[in-house]
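The next block is work37.cif, given as mmCIF, C-alpha atoms and all ligand atoms.
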data_coords
loop_
_atom_site.label_atom_id
_atom_site.label_comp_id
_atom_site.auth_asym_id
_atom_site.auth_seq_id
_atom_site.Cartn_x
_atom_site.Cartn_y
_atom_site.Cartn_z
CA MET Z 1 -37.89 -3.20 22.11
CA GLY Z 2 -34.69 -1.23 22.58
CA LYS Z 3 -33.61 2.11 21.23
CA TYR Z 4 -31.61 0.57 18.40
CA THR Z 5 -32.24 -2.44 16.19
CA MET Z 6 -30.00 -5.00 14.54
CA ALA Z 7 -30.28 -7.33 11.58
CA GLY Z 8 -29.63 -11.02 11.97
CA PRO Z 9 -31.42 -14.02 13.39
CA SER Z 10 -33.28 -14.56 16.64
CA VAL Z 11 -31.04 -16.68 18.83
CA PRO Z 12 -33.02 -17.15 22.03
CA ASN Z 13 -30.61 -19.82 23.33
CA MET Z 14 -27.49 -17.69 22.95
CA PRO Z 15 -25.19 -17.52 25.98
CA TRP Z 16 -26.23 -14.75 28.32
CA GLN Z 17 -25.75 -13.26 31.78
CA ASP Z 18 -27.19 -9.95 32.97
CA LYS Z 19 -24.79 -7.17 33.85
CA PRO Z 20 -23.60 -7.57 37.44
CA ALA Z 21 -23.99 -4.60 39.77
CA ASP Z 22 -20.23 -4.61 40.36
CA ALA Z 23 -19.11 -4.66 36.69
CA ARG Z 24 -15.59 -3.22 36.52
CA ASN Z 25 -15.71 0.56 36.12
CA ASN Z 26 -19.25 0.09 34.87
CA GLN Z 27 -17.70 -0.80 31.50
CA PRO Z 28 -20.11 -1.69 28.69
CA LEU Z 29 -18.76 -5.23 28.19
CA TRP Z 30 -19.05 -7.52 31.17
CA ARG Z 31 -17.35 -10.89 31.46
CA TYR Z 32 -19.06 -14.28 31.78
CA ASN Z 33 -18.51 -15.40 35.36
CA GLY Z 34 -17.51 -18.89 34.17
CA ASN Z 35 -14.59 -17.62 32.07
CA PRO Z 36 -12.55 -18.98 30.51
CA VAL Z 37 -14.96 -21.18 28.60
CA ILE Z 38 -12.18 -23.24 26.99
CA GLY Z 39 -9.21 -24.19 29.15
CA ARG Z 40 -5.79 -25.65 28.46
CA ASP Z 41 -5.21 -29.03 26.75
CA PRO Z 42 -8.61 -29.07 25.09
CA LEU Z 43 -7.73 -31.86 22.66
CA PRO Z 44 -5.09 -34.57 22.28
CA GLY Z 45 -2.10 -32.90 20.63
CA VAL Z 46 -3.51 -29.39 21.13
CA ALA Z 47 -2.15 -27.31 23.99
CA ARG Z 48 -4.39 -24.26 23.74
CA ILE Z 49 -7.48 -23.02 21.90
CA PHE Z 50 -8.00 -19.25 21.59
CA ASN Z 51 -8.84 -16.53 18.99
CA SER Z 52 -11.80 -18.50 17.62
CA ALA Z 53 -15.12 -17.79 15.94
CA VAL Z 54 -18.60 -19.24 16.34
CA VAL Z 55 -22.04 -18.88 14.72
CA PRO Z 56 -25.53 -20.16 15.48
CA TYR Z 57 -26.24 -23.28 13.42
CA GLU Z 58 -29.33 -25.48 13.21
CA GLY Z 59 -30.61 -24.38 16.63
CA LYS Z 60 -27.19 -24.93 18.23
CA PHE Z 61 -23.74 -23.44 17.72
CA ILE Z 62 -20.77 -24.31 15.57
CA GLY Z 63 -17.33 -22.78 15.46
CA VAL Z 64 -13.85 -22.74 13.99
CA PHE Z 65 -11.16 -22.80 16.64
CA ARG Z 66 -7.54 -21.88 16.57
CA GLY Z 67 -5.82 -24.89 18.08
CA GLU Z 68 -2.16 -24.51 18.95
CA GLN Z 69 -0.74 -27.99 18.44
CA THR Z 70 1.92 -29.30 20.77
CA ASN Z 71 4.43 -28.92 17.93
CA GLY Z 72 3.70 -25.16 18.06
CA VAL Z 73 1.89 -25.02 14.72
CA PRO Z 74 -1.60 -23.45 14.78
CA TYR Z 75 -4.46 -25.05 12.92
CA ILE Z 76 -8.22 -24.77 12.69
CA TYR Z 77 -10.51 -27.29 14.38
CA LEU Z 78 -14.28 -27.56 14.21
CA GLY Z 79 -16.32 -27.40 17.42
CA HIS Z 80 -19.99 -28.00 18.27
CA SER Z 81 -22.02 -26.75 21.20
CA GLY Z 82 -25.61 -26.79 22.40
CA ASP Z 83 -25.27 -23.66 24.53
CA GLY Z 84 -22.33 -21.72 23.05
CA ILE Z 85 -20.34 -22.29 26.25
CA HIS Z 86 -19.50 -26.00 26.46
CA TRP Z 87 -17.75 -27.18 23.31
CA ASP Z 88 -16.95 -30.56 21.76
CA PHE Z 89 -14.14 -30.51 19.25
CA ASP Z 90 -13.41 -32.74 16.30
CA HIS Z 91 -10.08 -34.38 17.01
CA GLU Z 92 -8.95 -34.01 13.40
CA LYS Z 93 -8.10 -30.64 11.89
CA ILE Z 94 -10.54 -29.24 9.38
CA HIS Z 95 -9.82 -30.98 6.09
CA PHE Z 96 -9.60 -28.45 3.28
CA VAL Z 97 -9.84 -29.38 -0.39
CA ASP Z 98 -9.41 -27.39 -3.57
CA GLU Z 99 -12.13 -26.70 -6.14
CA ASN Z 100 -11.53 -30.20 -7.61
CA GLY Z 101 -11.88 -31.97 -4.30
CA LYS Z 102 -8.15 -32.64 -3.88
CA ASP Z 103 -6.45 -32.18 -0.50
CA PHE Z 104 -5.35 -28.59 -0.04
CA MET Z 105 -4.24 -28.10 3.53
CA PRO Z 106 -2.75 -24.79 4.64
CA VAL Z 107 0.78 -24.92 6.07
CA TYR Z 108 -0.64 -23.31 9.19
CA ALA Z 109 -3.80 -21.38 9.96
CA TYR Z 110 -4.73 -19.06 12.80
CA ASP Z 111 -7.19 -16.46 14.05
CA PRO Z 112 -10.15 -17.75 11.99
CA ARG Z 113 -13.34 -15.78 11.55
CA LEU Z 114 -16.55 -17.49 10.46
CA LEU Z 115 -19.66 -16.02 8.94
CA LYS Z 116 -22.55 -16.65 6.67
CA VAL Z 117 -23.16 -14.62 3.54
CA GLU Z 118 -26.37 -15.64 1.78
CA ASP Z 119 -26.45 -19.46 1.83
CA THR Z 120 -22.74 -20.11 2.37
CA TYR Z 121 -20.43 -20.08 5.38
CA TYR Z 122 -16.95 -18.65 4.96
CA ILE Z 123 -13.86 -19.21 7.08
CA ILE Z 124 -11.23 -16.52 6.71
CA TRP Z 125 -7.93 -16.84 8.54
CA CYS Z 126 -4.29 -15.92 8.57
CA GLY Z 127 -2.10 -18.50 6.85
CA ASP Z 128 1.09 -18.93 4.92
CA PHE Z 129 1.28 -17.61 1.37
CA TYR Z 130 5.03 -17.10 1.10
CA GLY Z 131 4.53 -15.09 4.27
CA ALA Z 132 1.59 -14.38 6.52
CA SER Z 133 -1.49 -13.53 4.52
CA ILE Z 134 -5.19 -14.31 4.32
CA GLY Z 135 -6.75 -17.69 3.56
CA LEU Z 136 -10.39 -18.20 2.61
CA ALA Z 137 -12.63 -21.26 2.37
CA ARG Z 138 -16.32 -21.95 1.99
CA THR Z 139 -18.67 -24.60 3.24
CA LYS Z 140 -22.39 -25.16 3.11
CA ASP Z 141 -22.60 -28.15 5.41
CA PHE Z 142 -19.51 -28.08 7.66
CA HIS Z 143 -18.41 -31.36 6.09
CA THR Z 144 -16.78 -30.18 2.86
CA PHE Z 145 -14.49 -27.17 3.12
CA VAL Z 146 -13.32 -25.76 -0.20
CA ARG Z 147 -10.37 -23.41 -0.19
CA MET Z 148 -10.73 -20.46 -2.50
CA GLU Z 149 -8.16 -18.09 -3.96
CA ASN Z 150 -6.18 -16.16 -1.37
CA PRO Z 151 -7.73 -12.67 -1.35
CA PHE Z 152 -4.55 -10.68 -0.76
CA ILE Z 153 -0.80 -10.85 -1.23
CA PRO Z 154 1.43 -10.92 1.88
CA PHE Z 155 1.61 -9.54 4.43
CA ASN Z 156 -1.83 -9.28 5.90
CA ARG Z 157 -3.79 -10.39 8.98
CA ASN Z 158 -7.13 -9.96 10.73
CA ALA Z 159 -9.39 -10.28 7.72
CA VAL Z 160 -13.11 -10.36 8.32
CA LEU Z 161 -15.98 -10.43 5.84
CA PHE Z 162 -19.17 -8.43 6.17
CA PRO Z 163 -22.28 -10.61 6.60
CA ARG Z 164 -23.93 -9.25 3.47
CA LYS Z 165 -23.01 -7.65 0.19
CA ILE Z 166 -23.05 -3.86 -0.03
CA HIS Z 167 -24.00 -2.39 -3.41
CA GLY Z 168 -23.78 -5.94 -4.79
CA LYS Z 169 -20.19 -6.50 -3.61
CA TYR Z 170 -18.64 -8.70 -0.95
CA MET Z 171 -16.78 -6.58 1.59
CA CYS Z 172 -13.71 -7.47 3.58
CA LEU Z 173 -11.80 -5.68 6.32
CA SER Z 174 -8.13 -6.52 6.63
CA ARG Z 175 -4.97 -5.26 8.28
CA PRO Z 176 -1.85 -5.12 6.10
CA SER Z 177 1.13 -6.03 8.27
CA ASP Z 178 4.68 -7.35 8.18
CA SER Z 179 6.13 -10.81 8.55
CA GLY Z 180 6.73 -10.48 12.29
CA HIS Z 181 4.95 -8.95 15.23
CA THR Z 182 4.05 -5.83 13.22
CA PRO Z 183 4.63 -2.57 15.09
CA PHE Z 184 2.06 -0.70 12.95
CA GLY Z 185 -1.28 -1.32 11.30
CA ASP Z 186 -4.55 0.22 10.16
CA ILE Z 187 -7.83 -1.36 9.07
CA PHE Z 188 -8.60 -1.29 5.34
CA LEU Z 189 -11.70 -2.24 3.36
CA SER Z 190 -11.68 -4.12 0.04
CA GLU Z 191 -14.57 -5.19 -2.13
CA SER Z 192 -15.14 -7.99 -4.61
CA PRO Z 193 -17.85 -9.05 -7.05
CA ASP Z 194 -17.03 -12.75 -6.66
CA LEU Z 195 -14.75 -13.27 -3.60
CA GLU Z 196 -11.85 -13.78 -6.00
CA TYR Z 197 -10.94 -10.37 -7.42
CA TRP Z 198 -10.52 -7.74 -4.73
CA GLY Z 199 -10.14 -4.01 -5.25
CA HIS Z 200 -11.61 -0.59 -4.57
CA HIS Z 201 -9.42 -0.55 -1.46
CA ARG Z 202 -10.23 2.04 1.16
CA HIS Z 203 -8.69 3.08 4.45
CA VAL Z 204 -11.22 2.69 7.28
CA MET Z 205 -9.39 3.68 10.44
CA GLY Z 206 -5.90 3.79 11.85
CA LYS Z 207 -4.18 3.47 15.17
CA SER Z 208 -4.99 6.53 17.22
CA PRO Z 209 -3.37 8.86 19.75
CA GLU Z 210 -5.39 7.05 22.43
CA TRP Z 211 -2.78 5.14 24.40
CA TRP Z 212 -4.54 1.77 24.34
CA GLU Z 213 -4.60 1.65 20.52
CA SER Z 214 -1.52 3.69 19.74
CA VAL Z 215 0.56 0.94 18.05
CA LYS Z 216 -1.90 -0.86 15.76
CA ILE Z 217 -5.48 -1.99 15.38
CA GLY Z 218 -7.18 -4.89 13.60
CA GLY Z 219 -10.67 -6.13 12.81
CA GLY Z 220 -12.27 -8.48 15.28
CA ALA Z 221 -15.77 -9.88 15.07
CA ALA Z 222 -17.72 -9.68 11.81
CA PRO Z 223 -19.42 -6.27 11.64
CA ILE Z 224 -22.95 -6.31 13.07
CA GLU Z 225 -25.63 -4.53 11.03
CA THR Z 226 -27.54 -2.07 13.24
CA SER Z 227 -29.87 0.89 12.82
CA GLU Z 228 -26.86 3.17 13.58
CA GLY Z 229 -24.45 1.53 11.12
CA TRP Z 230 -22.02 -1.40 11.22
CA LEU Z 231 -21.01 -2.10 14.79
CA LEU Z 232 -17.40 -3.23 14.83
CA PHE Z 233 -15.62 -4.84 17.75
CA TYR Z 234 -11.91 -4.63 16.99
CA HIS Z 235 -8.61 -4.94 18.80
CA GLY Z 236 -6.34 -2.04 19.67
CA VAL Z 237 -2.73 -2.53 20.74
CA THR Z 238 -0.35 -0.51 22.83
CA GLY Z 239 3.32 -1.08 23.64
CA THR Z 240 4.71 -1.30 27.13
CA CYS Z 241 8.13 -2.12 28.54
CA ASN Z 242 6.85 -5.70 28.81
CA GLY Z 243 5.42 -5.97 25.31
CA PHE Z 244 2.11 -5.42 23.54
CA VAL Z 245 -1.25 -5.16 25.32
CA TYR Z 246 -4.39 -6.03 23.32
CA SER Z 247 -7.73 -4.43 24.27
CA ILE Z 248 -11.18 -4.55 22.68
CA GLY Z 249 -12.43 -1.36 21.02
CA GLY Z 250 -15.70 -0.37 19.38
CA ALA Z 251 -16.65 1.72 16.36
CA ILE Z 252 -19.68 2.26 14.13
CA LEU Z 253 -19.16 2.42 10.37
CA ASP Z 254 -21.46 3.98 7.82
CA ILE Z 255 -23.97 1.41 6.60
CA ASP Z 256 -23.59 2.17 2.86
CA GLU Z 257 -19.99 3.33 2.83
CA PRO Z 258 -18.22 1.46 5.62
CA SER Z 259 -14.88 3.17 5.02
CA ARG Z 260 -16.42 6.15 6.82
CA VAL Z 261 -16.38 5.93 10.59
CA LYS Z 262 -19.46 7.50 12.20
CA TYR Z 263 -18.49 6.91 15.84
CA ARG Z 264 -15.32 5.60 17.40
CA CYS Z 265 -14.99 5.03 21.11
CA GLU Z 266 -11.92 6.76 22.48
CA ARG Z 267 -11.98 4.38 25.45
CA TYR Z 268 -11.45 0.66 25.26
CA LEU Z 269 -14.51 -1.51 25.88
CA LEU Z 270 -12.51 -4.23 27.64
CA THR Z 271 -8.83 -4.53 28.56
CA PRO Z 272 -6.83 -7.31 30.23
CA GLU Z 273 -7.74 -7.30 33.93
CA GLU Z 274 -8.53 -10.89 34.84
CA TRP Z 275 -6.03 -13.70 35.47
CA TYR Z 276 -6.92 -15.52 32.25
CA GLU Z 277 -6.28 -12.36 30.22
CA GLU Z 278 -3.11 -11.33 32.05
CA ARG Z 279 -1.48 -14.74 32.40
CA GLY Z 280 -0.85 -17.27 29.66
CA PHE Z 281 1.33 -17.95 26.65
CA VAL Z 282 1.19 -14.25 25.67
CA PRO Z 283 0.11 -12.13 28.64
CA ASN Z 284 -2.29 -9.20 28.38
CA VAL Z 285 -4.25 -10.15 25.28
CA CYS Z 286 -8.00 -9.74 24.71
CA PHE Z 287 -8.53 -10.61 21.05
CA PRO Z 288 -12.16 -10.58 19.78
CA CYS Z 289 -12.97 -12.84 16.81
CA ALA Z 290 -16.75 -13.32 16.91
CA ALA Z 291 -20.04 -12.11 18.32
CA ILE Z 292 -23.35 -13.93 18.60
CA THR Z 293 -26.35 -11.64 18.59
CA ASP Z 294 -30.07 -12.01 19.17
CA SER Z 295 -32.02 -9.50 17.10
CA ASP Z 296 -35.12 -9.88 19.31
CA THR Z 297 -33.49 -8.81 22.56
CA GLY Z 298 -30.43 -6.89 21.32
CA ARG Z 299 -28.17 -9.18 23.35
CA ILE Z 300 -24.57 -9.58 22.19
CA ALA Z 301 -22.01 -12.19 23.29
CA VAL Z 302 -18.44 -11.43 22.25
CA TYR Z 303 -15.98 -14.33 21.98
CA TYR Z 304 -12.41 -13.33 22.56
CA GLY Z 305 -9.08 -15.04 22.89
CA ALA Z 306 -7.44 -14.43 26.26
CA ALA Z 307 -3.65 -14.41 26.66
CA ASP Z 308 -3.24 -16.59 23.55
CA THR Z 309 -4.33 -19.45 25.81
CA TYR Z 310 -8.11 -19.43 26.44
CA VAL Z 311 -11.45 -18.55 24.89
CA SER Z 312 -13.56 -16.19 26.97
CA LEU Z 313 -16.94 -14.55 26.69
CA ALA Z 314 -18.18 -11.04 27.41
CA PHE Z 315 -21.69 -9.67 27.12
CA THR Z 316 -23.35 -6.43 26.26
CA THR Z 317 -26.56 -5.14 24.73
CA LEU Z 318 -26.97 -3.19 21.55
CA ASP Z 319 -28.34 -0.17 23.42
CA GLU Z 320 -25.64 -0.17 26.05
CA VAL Z 321 -22.68 -0.54 23.71
CA ILE Z 322 -23.96 1.89 21.07
CA ASP Z 323 -24.73 4.55 23.66
CA TYR Z 324 -21.31 4.03 25.24
CA ILE Z 325 -19.53 4.34 21.88
CA LYS Z 326 -21.54 7.47 21.03
CA ASP Z 327 -21.05 9.04 24.47
CA HIS Z 328 -17.28 8.58 24.22
CA SER Z 329 -16.89 9.02 20.50
CA LEU Z 330 -13.93 10.85 19.05
CA VAL Z 331 -13.63 10.69 15.28
CA ARG Z 332 -10.75 12.33 13.48
CA PRO Z 333 -10.58 13.59 9.89
CA SER Z 334 -8.91 10.37 8.69
CA ASP Z 335 -11.86 8.40 10.11
CA THR Z 336 -14.57 10.36 8.34
CA GLU Z 337 -13.09 10.64 4.84
CA SER Z 338 -13.93 8.03 2.20
CA GLY Z 339 -10.55 6.40 2.68
CA ARG Z 340 -8.98 7.27 -0.66
CA GLN Z 341 -5.75 9.22 -0.41
CA ALA Z 342 -6.21 12.47 1.53
CA GLY Z 343 -7.27 15.31 -0.74
CA LEU Z 344 -9.24 13.15 -3.16
CA ASP Z 345 -12.51 13.22 -1.21
C1 LIG Z 401 -1.10 -11.16 16.85
C2 LIG Z 401 -1.73 -12.43 16.34
C3 LIG Z 401 -2.73 -12.99 17.35
C4 LIG Z 401 -2.22 -12.97 18.76
C5 LIG Z 401 -1.60 -11.64 19.09
C6 LIG Z 401 -0.98 -11.61 20.48
O1 LIG Z 401 -0.04 -10.76 16.02
O2 LIG Z 401 -0.75 -13.36 16.07
O3 LIG Z 401 -2.98 -14.33 17.00
O4 LIG Z 401 -3.29 -13.20 19.63
O5 LIG Z 401 -0.59 -11.35 18.14
O6 LIG Z 401 0.06 -12.55 20.58
#
Show me this structure written as structure tokens.
Amino acid sequence: MGKYTMAGPSVPNMPWQDKPADARNNQPLWRYNGNPVIGRDPLPGVARIFNSAVVPYEGKFIGVFRGEQTNGVPYIYLGHSGDGIHWDFDHEKIHFVDENGKDFMPVYAYDPRLLKVEDTYYIIWCGDFYGASIGLARTKDFHTFVRMENPFIPFNRNAVLFPRKIHGKYMCLSRPSDSGHTPFGDIFLSESPDLEYWGHHRHVMGKSPEWWESVKIGGGAAPIETSEGWLLFYHGVTGTCNGFVYSIGGAILDIDEPSRVKYRCERYLLTPEEWYEERGFVPNVCFPCAAITDSDTGRIAVYYGAADTYVSLAFTTLDEVIDYIKDHSLVRPSDTESGRQAGLD
């Protein structure tokens, strides 16, 4: 038993490798030595799969994958795996229908997140709604996918649901943005009684003076419920003379009031350093979208898109990552307030 505990299922067959003695800078996330786990040309008509999300399902693993078609349009494909590392993909895009069962395909769809709340799985992605905004669909069996109302108006990206209701409400992190490559961006929290009407919006955390996240940030994997609060892997972006660089950051949000940040790591947890992160369609991108956890051992496997070209895996344990975040935590006044306008706390 570790120092800290987490909610969630036992997943004894989750992907795992122990920390190597020569882990870079002794950082708390260490890469799978078989990375990338999904290479180029993964499917006919799909050039690259990246920024994708997976969950344990019926003793195996299932996932929703951002597939960049050879016409340049991103879509979501379903994938199955016995070990979370080797994936078989459906050749057809996920077929979405409306509440009446009629075809209701998004124009495009990217950066999906996938998670289970109660007995239903939800896919939440960035799609077109007269501009980039958030799409949402539900499934119970991974055969029928019903699109629901779009949660937010444009422009918005990086939405991720919490895996359970808080005070009886569904919770969603999102990152309001612009219609382009967005040179700004903070993480906000919204709540809903029914996944249709969203409100009670709160600011969670913003870009920071730390260089690696000084341009914008955005939610990554679904928050993980732990004894210290909600563990959030997110992305932080900086600007260089050669464009944006995306790193993985970590924070812990208050368990009952997640707009309050309890700990926020001033250092990145992982930054582009390997060839598959530095070289690809968009160089220097580590973009986390999912984490598989085993509540028995505290093991965590983070799935991240690498260079907008590959899917890669990095590992950590609950104890190691929480201690690292706490040891290097720097929270600022805007992190610890409730997230209403300053002065109203
Ligand atoms: C963001 C998103 C991500 C992408 C990243 C880097 O704006 O579009 O899908 O990984 O840019 O290109």
Could you pull the residues within 8 Å of Ile124 (chain Z), counting only C-alpha atoms, minus those fewer than 3 positions along the same chain, as a list in words?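 Residues near the query, excluding close chain neighbours: Pro112, Arg113, Leu114, Ile134, Gly135, Leu136, Ala137, Ala159, Val160 and Leu161 of chain Z.
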Of the candidates Z:Thr317, Z:Ser214, Z:Ser329, Z:Ser227, which one gets nearest to Phe244 (chain Z) if we count all atoms listed in the file?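 Using all atoms listed in the file, the shortest distance to Phe244 (chain Z) belongs to Z:Ser214.
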Kindly give the distance, in Å, that separates CA of Ile94 (chain Z) and CA of Ile123 (chain Z), rounded to a single decimal. 10.8 Å
Do you know which residues are within 9 Å of ligand LIG 401 (chain Z) using all atoms listed in the file? Can you write them as a PyMOL selection string? chain Z and resi 50-51+66+110-111+126+157-158+180-182+244-246+281-287+305-309
For Leu232 (chain Z), please output as a list in words all residues within 9 Å (counting only C-alpha atoms; exclusion window: fewer than 3 positions along the same chain). Gly219, Gly220, Ala221, Ala222, Pro223, Ile224, Gly249, Gly250, Ala251, Ile252 and Leu253 of chain Z
